[in-house]
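For reference, input.cif (mmCIF, C-alpha atoms and all ligand atoms):
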data_run
loop_
_atom_site.label_atom_id
_atom_site.label_comp_id
_atom_site.auth_asym_id
_atom_site.auth_seq_id
_atom_site.Cartn_x
_atom_site.Cartn_y
_atom_site.Cartn_z
CA MET D 20 72.65 94.42 121.52
CA LEU D 21 74.84 97.33 122.57
CA THR D 22 73.22 100.34 124.19
CA SER D 23 74.25 103.95 123.59
CA LYS D 24 77.82 104.68 124.69
CA ARG D 25 77.42 108.43 124.64
CA ALA D 26 78.44 108.71 128.30
CA LYS D 27 81.90 107.44 127.39
CA PHE D 28 82.47 110.45 125.14
CA SER D 29 82.43 114.21 125.81
CA LEU D 30 80.22 115.31 122.90
CA PRO D 31 78.01 118.29 123.81
CA PRO D 32 74.38 117.16 124.30
CA ASN D 33 72.90 119.29 121.51
CA VAL D 34 75.30 118.08 118.82
CA ASN D 35 73.98 115.40 116.46
CA TYR D 36 77.33 114.10 115.30
CA LEU D 37 76.81 111.67 112.42
CA ASN D 38 80.28 112.14 111.00
CA CYS D 39 82.71 109.52 112.32
CA ALA D 40 83.90 109.05 108.73
CA TYR D 41 85.41 112.54 109.08
CA MET D 42 86.90 112.01 112.54
CA SER D 43 85.74 110.22 115.69
CA PRO D 44 85.17 112.09 118.92
CA LEU D 45 87.61 111.20 121.69
CA LEU D 46 86.71 108.55 124.24
CA LYS D 47 87.08 109.95 127.77
CA SER D 48 89.33 107.02 128.61
CA VAL D 49 91.58 107.73 125.61
CA GLU D 50 91.81 111.39 126.60
CA LYS D 51 92.82 110.41 130.12
CA VAL D 52 95.52 108.06 128.89
CA GLY D 53 96.78 110.76 126.51
CA VAL D 54 97.07 113.44 129.19
CA LYS D 55 98.87 111.03 131.52
CA ALA D 56 101.24 110.04 128.73
CA LEU D 57 101.92 113.67 127.81
CA ARG D 58 102.87 114.47 131.40
CA LYS D 59 105.29 111.58 131.59
CA LYS D 60 107.96 113.53 129.76
CA ARG D 61 108.00 116.11 132.54
CA ASN D 62 110.53 113.75 134.03
CA PRO D 63 112.39 111.70 131.39
CA VAL D 64 113.51 109.23 134.05
CA SER D 65 109.95 107.93 134.02
CA ILE D 66 110.30 106.86 130.37
CA THR D 67 112.35 103.68 130.43
CA GLN D 68 114.12 101.78 127.66
CA GLN D 69 111.47 99.12 128.05
CA ASP D 70 108.82 101.76 127.22
CA PHE D 71 110.20 101.97 123.68
CA PHE D 72 108.88 98.45 123.12
CA SER D 73 106.15 97.55 125.59
CA ASP D 74 103.12 99.58 124.47
CA THR D 75 103.79 99.06 120.78
CA GLU D 76 103.81 95.33 121.41
CA LEU D 77 100.51 95.55 123.27
CA LEU D 78 99.07 97.70 120.48
CA ARG D 79 100.03 95.16 117.82
CA LYS D 80 98.48 92.35 119.86
CA GLU D 81 95.26 94.28 120.48
CA TYR D 82 94.92 95.18 116.81
CA ALA D 83 95.72 91.59 115.78
CA ARG D 84 92.72 90.56 117.90
CA LEU D 85 90.51 93.12 116.18
CA ILE D 86 91.40 91.99 112.65
CA HIS D 87 91.92 88.30 113.51
CA ALA D 88 95.58 88.26 112.49
CA GLU D 89 97.60 85.32 113.78
CA ASN D 90 100.96 87.05 114.04
CA PRO D 91 101.03 90.54 115.67
CA ASN D 92 104.47 91.10 114.16
CA ARG D 93 102.85 91.47 110.78
CA ILE D 94 101.30 94.68 112.12
CA VAL D 95 103.25 97.93 112.12
CA ILE D 96 102.72 101.46 113.32
CA ILE D 97 102.42 104.08 110.61
CA PRO D 98 101.68 107.82 110.71
CA SER D 99 99.19 107.83 107.83
CA VAL D 100 97.63 105.73 105.11
CA SER D 101 99.89 107.32 102.50
CA TYR D 102 102.91 106.07 104.47
CA GLY D 103 101.50 102.55 104.65
CA MET D 104 100.84 102.60 100.92
CA ALA D 105 104.33 103.95 100.19
CA ASN D 106 105.77 100.75 101.67
CA VAL D 107 103.57 98.74 99.32
CA VAL D 108 104.47 100.79 96.26
CA ARG D 109 108.18 100.49 97.03
CA ASN D 110 107.91 96.71 96.76
CA LEU D 111 105.76 96.36 93.71
CA ASP D 112 107.56 95.44 90.54
CA ILE D 113 105.06 96.56 87.93
CA LYS D 114 105.67 96.64 84.20
CA LYS D 115 104.23 98.35 81.16
CA GLY D 116 101.09 96.51 80.09
CA GLN D 117 100.11 95.77 83.67
CA HIS D 118 97.68 97.80 85.76
CA ILE D 119 96.55 98.62 89.28
CA LEU D 120 92.83 98.43 89.71
CA VAL D 121 91.03 100.93 91.95
CA ALA D 122 87.41 101.95 92.50
CA ALA D 123 86.44 105.31 91.03
CA GLU D 124 86.86 108.35 93.26
CA GLN D 125 88.85 106.53 95.86
CA PHE D 126 90.45 108.50 98.68
CA PRO D 127 93.62 110.24 97.37
CA SER D 128 96.01 108.40 99.74
CA ASN D 129 94.93 105.21 97.99
CA TYR D 130 95.19 106.68 94.50
CA TYR D 131 98.23 108.97 94.20
CA PRO D 132 100.74 106.27 95.21
CA TRP D 133 99.46 104.07 92.37
CA LYS D 134 99.36 106.93 89.93
CA SER D 135 102.95 107.85 90.69
CA LEU D 136 104.13 104.22 90.46
CA CYS D 137 102.35 103.71 87.16
CA ASP D 138 103.61 106.99 85.69
CA GLU D 139 107.18 105.89 86.46
CA SER D 140 106.81 102.38 85.09
CA GLY D 141 104.53 102.93 82.10
CA ALA D 142 101.80 100.86 83.73
CA GLU D 143 98.24 102.08 84.17
CA VAL D 144 95.81 102.85 86.99
CA LYS D 145 92.43 101.45 85.99
CA SER D 146 89.62 103.11 87.82
CA ILE D 147 86.33 101.23 87.84
CA SER D 148 83.31 103.51 87.87
CA PRO D 149 79.97 102.65 89.40
CA PRO D 150 77.23 101.79 86.89
CA ASP D 151 74.91 104.53 85.65
CA GLY D 152 71.64 104.76 87.51
CA PHE D 153 70.86 103.63 91.01
CA THR D 154 69.22 100.23 90.52
CA GLU D 155 71.39 97.56 92.14
CA ARG D 156 74.27 100.04 92.04
CA GLY D 157 76.45 98.35 94.66
CA LYS D 158 75.94 94.86 93.30
CA ARG D 159 76.67 95.93 89.72
CA TRP D 160 79.71 97.99 90.75
CA ASN D 161 81.14 94.89 92.42
CA GLU D 162 80.46 92.84 89.28
CA LYS D 163 82.27 95.43 87.15
CA ILE D 164 85.29 95.23 89.45
CA LEU D 165 85.41 91.44 89.32
CA GLU D 166 85.11 91.50 85.53
CA ALA D 167 87.99 93.97 85.22
CA ILE D 168 90.48 91.74 87.07
CA ASN D 169 92.62 89.84 84.58
CA ALA D 170 96.11 88.44 83.98
CA ASN D 171 97.49 91.99 83.63
CA THR D 172 96.23 93.07 87.04
CA LYS D 173 99.20 93.58 89.33
CA ALA D 174 97.10 94.61 92.33
CA VAL D 175 93.62 95.62 93.35
CA ALA D 176 93.78 98.53 95.80
CA ILE D 177 90.41 99.21 97.35
CA GLY D 178 88.50 99.84 100.58
CA HIS D 179 86.07 97.54 102.34
CA VAL D 180 83.53 100.32 101.86
CA HIS D 181 83.80 103.35 99.59
CA TRP D 182 84.80 106.35 101.67
CA ALA D 183 82.29 108.72 100.05
CA ASP D 184 79.07 106.72 100.21
CA GLY D 185 79.77 103.46 102.05
CA THR D 186 79.26 101.12 99.07
CA ARG D 187 80.50 97.75 100.27
CA PHE D 188 83.07 95.88 98.23
CA ASP D 189 82.92 92.11 98.45
CA LEU D 190 86.52 91.52 99.48
CA GLU D 191 86.18 87.76 99.66
CA ALA D 192 85.05 87.59 96.03
CA ILE D 193 87.73 90.08 94.98
CA ARG D 194 90.38 88.08 96.85
CA LYS D 195 89.33 84.90 95.09
CA ARG D 196 89.51 86.55 91.68
CA THR D 197 92.90 88.17 92.43
CA GLN D 198 94.26 84.81 93.53
CA ASP D 199 93.06 83.25 90.26
CA VAL D 200 95.18 85.73 88.29
CA GLY D 201 98.07 86.14 90.75
CA ALA D 202 97.32 89.76 91.69
CA LEU D 203 97.85 91.37 95.08
CA LEU D 204 95.00 92.66 97.23
CA ILE D 205 95.78 95.93 99.03
CA ILE D 206 93.05 97.23 101.31
CA ASP D 207 92.52 100.67 102.82
CA GLY D 208 90.56 99.80 105.97
CA THR D 209 90.31 103.39 107.25
CA GLN D 210 86.54 103.69 106.75
CA SER D 211 85.60 100.25 108.03
CA VAL D 212 88.00 98.55 110.44
CA GLY D 213 86.76 99.08 113.97
CA ALA D 214 83.09 99.45 113.06
CA MET D 215 82.79 96.55 110.65
CA PRO D 216 84.18 93.04 111.17
CA PHE D 217 87.40 92.33 109.28
CA ASP D 218 89.00 88.90 109.27
CA VAL D 219 92.56 88.72 107.93
CA GLN D 220 92.44 84.94 107.94
CA LYS D 221 89.34 84.90 105.76
CA ILE D 222 90.21 87.71 103.36
CA LYS D 223 93.97 87.13 103.31
CA PRO D 224 94.92 90.63 102.15
CA ASP D 225 98.50 91.27 101.10
CA ALA D 226 98.26 94.57 102.92
CA LEU D 227 95.63 96.21 105.11
CA VAL D 228 96.35 99.86 105.83
CA CYS D 229 94.31 101.87 108.27
CA ALA D 230 94.32 105.39 109.74
CA GLY D 231 93.59 105.46 113.47
CA TYR D 232 91.51 108.59 113.98
CA LYS D 233 88.18 107.51 112.56
CA TRP D 234 86.61 104.11 113.33
CA LEU D 235 89.56 103.02 115.48
CA LEU D 236 88.64 105.93 117.78
CA GLY D 237 92.28 106.91 118.16
CA PRO D 238 94.19 110.20 117.95
CA TYR D 239 95.35 111.81 114.70
CA SER D 240 98.72 110.94 113.08
CA ILE D 241 98.89 107.27 114.02
CA GLY D 242 97.60 104.27 112.11
CA LEU D 243 98.30 100.60 111.61
CA ALA D 244 99.29 98.49 108.65
CA TYR D 245 99.24 94.73 108.26
CA TYR D 246 101.62 93.29 105.67
CA GLY D 247 101.34 89.71 104.46
CA GLU D 248 104.04 87.28 103.40
CA TYR D 249 104.59 88.94 100.03
CA PHE D 250 106.39 91.73 101.93
CA ASN D 251 108.62 89.46 104.03
CA ASN D 252 111.90 90.40 102.38
CA GLY D 253 110.97 93.79 101.00
CA LYS D 254 112.50 97.22 101.36
CA PRO D 255 110.91 99.73 103.75
CA VAL D 256 110.56 103.37 102.71
CA GLU D 257 112.94 104.43 105.46
CA GLU D 258 115.68 102.87 107.54
CA ASN D 259 115.53 103.47 111.26
CA TRP D 260 117.32 101.99 114.26
CA ILE D 261 114.45 100.33 116.06
CA THR D 262 113.39 98.06 113.19
CA ARG D 263 116.80 96.35 113.21
CA LEU D 264 117.49 93.16 115.11
CA HIS D 265 118.72 93.64 118.71
CA SER D 266 117.54 97.25 118.83
CA GLU D 267 116.56 96.56 122.46
CA ASP D 268 120.27 96.70 123.27
CA PHE D 269 120.77 100.47 123.45
CA ALA D 270 124.46 100.15 124.26
CA GLY D 271 125.06 98.09 121.12
CA LEU D 272 123.11 100.18 118.59
CA VAL D 273 126.19 100.95 116.54
CA ASN D 274 127.00 97.32 116.08
CA TYR D 275 125.15 97.92 112.82
CA GLN D 276 122.85 95.11 111.88
CA GLN D 277 121.89 93.82 108.47
CA ALA D 278 118.85 91.95 109.74
CA TYR D 279 115.48 93.40 110.71
CA HIS D 280 113.09 92.25 113.39
CA GLU D 281 110.83 89.44 112.25
CA GLY D 282 107.57 89.59 110.30
CA ALA D 283 106.79 93.00 108.88
CA LEU D 284 108.43 95.11 111.57
CA ARG D 285 110.94 96.54 109.11
CA TYR D 286 108.14 98.72 107.74
CA GLU D 287 107.52 100.67 110.94
CA VAL D 288 107.84 104.42 110.91
CA GLY D 289 110.77 106.06 112.69
CA GLU D 290 110.00 106.98 116.32
CA ARG D 291 107.12 104.52 116.26
CA SER D 292 107.27 104.24 120.05
CA ASN D 293 105.28 107.49 120.22
CA PHE D 294 104.76 107.66 123.98
CA ILE D 295 101.54 109.66 123.70
CA LEU D 296 99.73 108.37 120.61
CA VAL D 297 100.52 104.66 121.07
CA PRO D 298 98.89 104.26 124.51
CA MET D 299 95.92 106.32 123.31
CA LEU D 300 95.29 104.12 120.29
CA LEU D 301 95.86 101.04 122.43
CA ASN D 302 93.16 102.13 124.86
CA ALA D 303 90.75 102.87 122.01
CA ILE D 304 91.24 99.46 120.39
CA GLN D 305 90.85 97.71 123.74
CA GLN D 306 87.46 99.40 124.00
CA LEU D 307 86.57 98.37 120.44
CA ASN D 308 87.49 94.75 121.14
CA ASN D 309 85.31 94.91 124.20
CA TRP D 310 82.32 96.16 122.19
CA GLY D 311 83.09 94.12 119.06
CA PRO D 312 82.79 95.46 115.48
CA GLU D 313 79.90 93.10 114.76
CA ARG D 314 77.85 94.61 117.58
CA ILE D 315 78.82 98.15 116.54
CA GLN D 316 77.56 97.39 113.04
CA GLU D 317 74.35 95.96 114.48
CA TYR D 318 73.87 98.97 116.75
CA CYS D 319 74.29 101.40 113.84
CA ARG D 320 71.84 99.36 111.76
CA GLU D 321 69.18 99.45 114.47
CA ILE D 322 69.36 103.18 115.26
CA GLY D 323 69.23 104.11 111.56
CA LYS D 324 66.58 101.67 110.41
CA SER D 325 63.38 103.63 110.84
CA THR D 326 64.81 106.89 109.40
CA ILE D 327 66.23 105.09 106.39
CA GLU D 328 62.85 103.48 105.69
CA LYS D 329 61.11 106.85 105.92
CA LEU D 330 63.66 108.59 103.69
CA THR D 331 63.49 105.84 101.08
CA GLY D 332 59.69 106.17 101.16
CA LYS D 333 60.06 109.86 100.36
CA GLY D 334 62.24 109.28 97.31
CA PHE D 335 65.73 109.67 98.81
CA LEU D 336 68.15 107.16 97.33
CA ILE D 337 70.03 104.89 99.74
CA GLU D 338 71.91 101.73 98.78
CA GLN D 339 70.40 98.34 99.77
CA GLU D 340 71.54 97.24 103.19
CA ASN D 341 73.77 94.36 102.06
CA TRP D 342 75.76 96.56 99.66
CA ARG D 343 76.70 99.30 102.12
CA GLY D 344 77.98 99.84 105.62
CA ALA D 345 75.49 100.31 108.44
CA HIS D 346 78.02 102.75 109.92
CA LEU D 347 78.62 104.63 106.66
CA PHE D 348 76.21 105.30 103.83
CA GLY D 349 75.24 107.91 101.29
CA ILE D 350 71.92 109.64 100.86
CA ARG D 351 71.15 111.04 97.42
CA LEU D 352 68.40 113.62 97.11
CA PRO D 353 65.20 113.38 95.09
CA ALA D 354 65.45 115.60 91.97
CA ASN D 355 63.16 118.33 93.35
CA LEU D 356 65.33 119.10 96.41
CA ASP D 357 67.98 121.78 96.55
CA LEU D 358 71.24 120.59 98.13
CA GLU D 359 72.16 124.10 99.31
CA LYS D 360 68.89 124.44 101.23
CA ILE D 361 69.36 120.98 102.73
CA LYS D 362 72.85 121.99 103.89
CA GLN D 363 71.42 125.05 105.64
CA SER D 364 68.72 122.99 107.26
CA LEU D 365 71.27 120.48 108.57
CA ILE D 366 73.40 123.27 110.04
CA ARG D 367 70.32 124.86 111.67
CA ASN D 368 69.42 121.56 113.27
CA LYS D 369 73.02 120.91 114.39
CA VAL D 370 73.17 117.71 112.39
CA TYR D 371 76.77 117.05 111.40
CA VAL D 372 77.34 114.97 108.26
CA SER D 373 79.67 115.34 105.27
CA PHE D 374 79.08 116.01 101.61
CA ARG D 375 81.14 113.79 99.35
CA GLY D 376 80.55 113.66 95.60
CA ASN D 377 76.78 113.84 95.07
CA ALA D 378 76.00 112.05 98.34
CA ILE D 379 75.27 113.21 101.85
CA ARG D 380 77.55 110.94 103.87
CA VAL D 381 76.06 109.73 107.12
CA ALA D 382 78.37 107.98 109.56
CA PRO D 383 76.92 106.99 112.96
CA ASN D 384 78.68 105.22 115.80
CA VAL D 385 77.95 104.01 119.31
CA TYR D 386 77.54 107.52 120.79
CA ASN D 387 74.59 108.16 118.47
CA THR D 388 71.00 107.20 119.14
CA GLU D 389 67.77 107.08 117.16
CA LYS D 390 67.27 110.70 118.17
CA ASP D 391 70.19 111.81 116.01
CA PHE D 392 68.55 110.07 113.06
CA GLN D 393 65.20 111.69 113.82
CA LYS D 394 66.92 115.06 113.71
CA LEU D 395 68.48 114.12 110.39
CA LEU D 396 65.09 113.08 109.05
CA LYS D 397 63.58 116.37 110.16
CA ALA D 398 66.41 118.39 108.62
CA LEU D 399 66.11 116.58 105.30
CA THR D 400 62.34 116.59 104.99
CA ARG D 401 61.18 119.91 106.47
C1 LIG A 1 89.45 105.92 102.91
C2 LIG A 1 90.42 106.85 103.54
N1 LIG A 1 91.71 106.51 103.56
C3 LIG A 1 92.63 107.30 104.13
C4 LIG A 1 92.28 108.49 104.73
C5 LIG A 1 93.36 109.32 105.35
O1 LIG A 1 94.58 109.19 104.68
P1 LIG A 1 95.95 109.72 105.29
O2 LIG A 1 96.16 108.96 106.56
O3 LIG A 1 96.98 109.40 104.26
O4 LIG A 1 95.79 111.18 105.54
C6 LIG A 1 90.94 108.89 104.71
C7 LIG A 1 90.52 110.18 105.28
O5 LIG A 1 89.43 110.66 105.11
C8 LIG A 1 89.99 108.03 104.12
O6 LIG A 1 88.69 108.36 104.08
#
Rewrite the structure of this file - the entire thing - as structure tokens.
Amino acid sequence: MLTSKRAKFSLPPNVNYLNCAYMSPLLKSVEKVGVKALRKKRNPVSITQQDFFSDTELLRKEYARLIHAENPNRIVIIPSVSYGMANVVRNLDIKKGQHILVAAEQFPSNYYPWKSLCDESGAEVKSISPPDGFTERGKRWNEKILEAINANTKAVAIGHVHWADGTRFDLEAIRKRTQDVGALLIIDGTQSVGAMPFDVQKIKPDALVCAGYKWLLGPYSIGLAYYGEYFNNGKPVEENWITRLHSEDFAGLVNYQQAYHEGALRYEVGERSNFILVPMLLNAIQQLNNWGPERIQEYCREIGKSTIEKLTGKGFLIEQENWRGAHLFGIRLPANLDLEKIKQSLIRNKVYVSFRGNAIRVAPNVYNTEKDFQKLLKALTR
């Protein structure tokens, strides 16, 4: 099992940071790479033509390893999830009578694009709510989603876990059902990829879109999207020079090209060779591949176990282990507790979590230890 990796981060010792779902702290190694990269532009001669291509290629390869994708050229650099989704929306021919299926209260970047597309086309966004009550909530929510997929479903757009409370969606079952009816599967991996195993070859998503600043431990404003074969001949949201064939030939850039680079590279954002953010995210994902998402998940499970048992014993509601992330889960309060007082107690104890919907969202990672959970327990039960 992994041991605490706190020494690899610069978090102050008295901060109990259980909030990676908001934003990860910076790895010292990533910071170092970032500062070095920033300084490079002091002298432009040190940024070569080759640099426009080399780190992005390494980044695609490293991420392909993380998500078990066979072809790194299906992976593109994006600035945000909304950008990655815009490429999907642009290539979806949806008609009145059809619908896009989402989970209720999904993150806006994986809702507004569908809403806008459906408003334009007369189609519908169908939002599947969790069941009432807490008994077998995750299991029953998944069943409701599977039941809602039918011949009119154009796409299911969902996360691997729900961003607000970590409810796990069974992507393999959803994929199977979408294949039965010929629907696409579009995944927002922002709250899972990095900390939870994801296997492109098993799940076969049509798109997997992911922001880099949370569980990928990268900087803000860079993310990655994987696009499957459905998008092979599609139209990107923007046209830039580097996505076109032979863009390596700087002298010949105005020999305008019809063709794009292979795979999904046409979908990359302009100026994707970001000389600061790309090497930073690359370093972060190298570290993640070294630790392994499976072991990160296991580590989070172990450090949280005893606190979760104690909280459940005291009437706090937490989803069963197999229907939530170990790295991301919600705690709902017993009826007699006042959320405002709990918030104050958490602040007093320097326990950093988020409040999303009616859940306290707890999101540990490898820099946390059991001590952070003990502090959380104290803050919630005093
Ligand atoms: C599930 C999920 N998707 C996406 C994002 C970020 O989206 P964007 O990159 O469009 O700002 C977040 C941020 O909290 C998130 O939780």
>> Give me, as JSON, numbers by chain, the set of residues whose atoms come within 8 Å of any atom of ligand LIG 1 (chain A), counting all atoms listed in the file.
In response: {"D": [40, 41, 42, 98, 99, 100, 101, 102, 125, 126, 127, 128, 129, 178, 181, 182, 183, 207, 208, 209, 210, 229, 230, 240, 242]}
>> Using all atoms listed in the file, can you tell me which of D:Asn171, D:Lys145, D:Glu89, D:Arg58 comes closest to D:Lys114?
In response: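 Under the stated criterion, the closest residue is D:Asn171.
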>> One decimal, in Å: what's the spacing between atom CA of D:Glu317 and atom CA of D:Lys223?
In response: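 So the answer is 24.2 Å.
Between atom CA of D:Leu78 and atom CA of D:Pro298 there is a distance of 7.7 Å.
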> Could you state the separation of atom CA of D:Leu243 and atom CA of D:Ile96 in Å, given to one decimal place?
Replying inline: 4.8 Å
> Counting all atoms listed in the file, what is within 6 Å of D:Arg351, bar same-chain residues fewer than 5 positions away, as a ChimeraX atom specification?
Replying inline: /D:335-336,378
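For D:Gln276, the non-local neighbours within 12 Å, defined as residues at least 4 positions apart in the same chain or in other chains and counting only C-alpha atoms, are Glu258, Asn259, Trp260, Ile261, Thr262, Arg263, Leu264, His265, Ser266, Asp268, Gly271, Leu272 and His280 of chain D.
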Within 10 Å of stretch 21-36 of chain D: each stretch 278-315 of chain D residue with its shortest pair, all atoms listed in the file, as CSV:
residue,atom,partner,partner_atom,distance
D:Trp310,CA,D:Leu21,CA,7.6
D:Gly311,CA,D:Leu21,CA,9.5
D:Arg314,CA,D:Leu21,CA,6.4
D:Ile315,CA,D:Leu21,CA,7.3
> Pick from D:Glu166, D:Asp218, D:Glu139, D:Glu359: nearest to D:Glu191, with all atoms listed in the file counted?
Replying inline: D:Asp218
> Closest to D:Lys254 among D:Leu301, D:Ala142, D:Ile164, D:Val107, using only C-alpha atoms?
Replying inline: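 Among the listed residues, D:Val107 lies closest to D:Lys254.
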>> Let me make sure I understand: among D:Ile66, D:Ile177, D:Leu37, D:Leu136, which one has the smallest atom-to-atom distance to D:Gln393 if we use only C-alpha atoms?
In response: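 Distance minimum relative to D:Gln393 lands on D:Leu37.
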>> Show me the residues around (98.4, 88.7, 113.8) - criterion: an atom at most 12 Å away, all atoms listed in the file counted - as number ranges by chain.
In response: D: 76-95, 218-220, 223, 227, 244-248, 282-283
Residues just named, written with C-alpha atoms as a JSON list (two decimals), in the coordinates of the input:
[["chain", "number", "residue", "atom", "x", "y", "z"],
["D", 76, "GLU", "CA", 103.81, 95.33, 121.41],
["D", 77, "LEU", "CA", 100.51, 95.55, 123.27],
["D", 78, "LEU", "CA", 99.07, 97.70, 120.48],
["D", 79, "ARG", "CA", 100.03, 95.16, 117.82],
["D", 80, "LYS", "CA", 98.48, 92.35, 119.86],
["D", 81, "GLU", "CA", 95.26, 94.28, 120.48],
["D", 82, "TYR", "CA", 94.92, 95.18, 116.81],
["D", 83, "ALA", "CA", 95.72, 91.59, 115.78],
["D", 84, "ARG", "CA", 92.72, 90.56, 117.90],
["D", 85, "LEU", "CA", 90.51, 93.12, 116.18],
["D", 86, "ILE", "CA", 91.40, 91.99, 112.65],
["D", 87, "HIS", "CA", 91.92, 88.30, 113.51],
["D", 88, "ALA", "CA", 95.58, 88.26, 112.49],
["D", 89, "GLU", "CA", 97.60, 85.32, 113.78],
["D", 90, "ASN", "CA", 100.96, 87.05, 114.04],
["D", 91, "PRO", "CA", 101.03, 90.54, 115.67],
["D", 92, "ASN", "CA", 104.47, 91.10, 114.16],
["D", 93, "ARG", "CA", 102.85, 91.47, 110.78],
["D", 94, "ILE", "CA", 101.30, 94.68, 112.12],
["D", 95, "VAL", "CA", 103.25, 97.93, 112.12],
["D", 218, "ASP", "CA", 89.00, 88.90, 109.27],
["D", 219, "VAL", "CA", 92.56, 88.72, 107.93],
["D", 220, "GLN", "CA", 92.44, 84.94, 107.94],
["D", 223, "LYS", "CA", 93.97, 87.13, 103.31],
["D", 227, "LEU", "CA", 95.63, 96.21, 105.11],
["D", 244, "ALA", "CA", 99.29, 98.49, 108.65],
["D", 245, "TYR", "CA", 99.24, 94.73, 108.26],
["D", 246, "TYR", "CA", 101.62, 93.29, 105.67],
["D", 247, "GLY", "CA", 101.34, 89.71, 104.46],
["D", 248, "GLU", "CA", 104.04, 87.28, 103.40],
["D", 282, "GLY", "CA", 107.57, 89.59, 110.30],
["D", 283, "ALA", "CA", 106.79, 93.00, 108.88]]
> Excluding same-chain residues fewer than 2 positions from D:Trp133, what lies within 8 Å of it counting only C-alpha atoms, as a PyMOL selection string?
Replying inline: chain D and resi 108+119+129-131+135-137+144
> Can you list, as a list in words, every protein, DNA or RNA residue that comes within 9 Å of D:Ile222 when you count all atoms listed in the file, leaving out same-chain residues fewer than 5 positions away?
Replying inline: Leu190, Glu191, Ala192, Arg194, Lys195 and Phe217 of chain D
> Taking only C-alpha atoms into account, which of D:Lys163, D:Asn106, D:Val273, D:Ser292 comes nearest D:Ile205?
Replying inline: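 That would be D:Asn106, the residue with the smallest distance to D:Ile205.
Distance check against D:Arg320 using all atoms listed in the file: of D:Ala345, D:Val385, D:Leu365, D:Met215, the minimum falls on D:Ala345.
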> Which polymer residues have any atom within 9 Å of an atom of D:Lys362, counting only C-alpha atoms, with same-chain residues fewer than 4 positions away left out, as a PyMOL selection string?
Replying inline: chain D and resi 357-358+366-367+374+398-399
Save stretch 69-100 of chain D from what I just supplied, as a short mmCIF file (atom, residue, chain, number, x, y, z; two decimals), in the first residue's frame, atoms limited to C-alpha atoms.
data_model
loop_
_atom_site.label_atom_id
_atom_site.label_comp_id
_atom_site.auth_asym_id
_atom_site.auth_seq_id
_atom_site.Cartn_x
_atom_site.Cartn_y
_atom_site.Cartn_z
CA GLN D 69 10.67 21.20 -31.76
CA ASP D 70 9.36 22.41 -28.38
CA PHE D 71 6.00 23.15 -30.00
CA PHE D 72 5.54 19.40 -30.41
CA SER D 73 7.73 17.43 -28.02
CA ASP D 74 6.12 17.93 -24.59
CA THR D 75 2.58 17.70 -25.92
CA GLU D 76 3.48 14.36 -27.45
CA LEU D 77 4.92 13.15 -24.15
CA LEU D 78 1.83 14.42 -22.33
CA ARG D 79 -0.51 12.51 -24.63
CA LYS D 80 1.53 9.34 -24.18
CA GLU D 81 1.63 9.69 -20.39
CA TYR D 82 -2.11 10.29 -20.20
CA ALA D 83 -2.78 7.39 -22.59
CA ARG D 84 -0.95 5.20 -20.07
CA LEU D 85 -3.10 6.51 -17.24
CA ILE D 86 -6.42 5.83 -18.99
CA HIS D 87 -5.24 2.75 -20.93
CA ALA D 88 -5.82 4.29 -24.35
CA GLU D 89 -4.09 2.54 -27.24
CA ASN D 90 -3.57 5.56 -29.46
CA PRO D 91 -2.19 8.75 -27.81
CA ASN D 92 -3.32 10.74 -30.84
CA ARG D 93 -6.89 10.31 -29.70
CA ILE D 94 -5.98 12.55 -26.76
CA VAL D 95 -5.98 16.33 -27.10
CA ILE D 96 -5.11 19.30 -24.95
CA ILE D 97 -8.02 21.48 -23.93
CA PRO D 98 -8.27 24.53 -21.65
CA SER D 99 -11.41 23.42 -19.82
CA VAL D 100 -14.15 20.81 -19.70
#
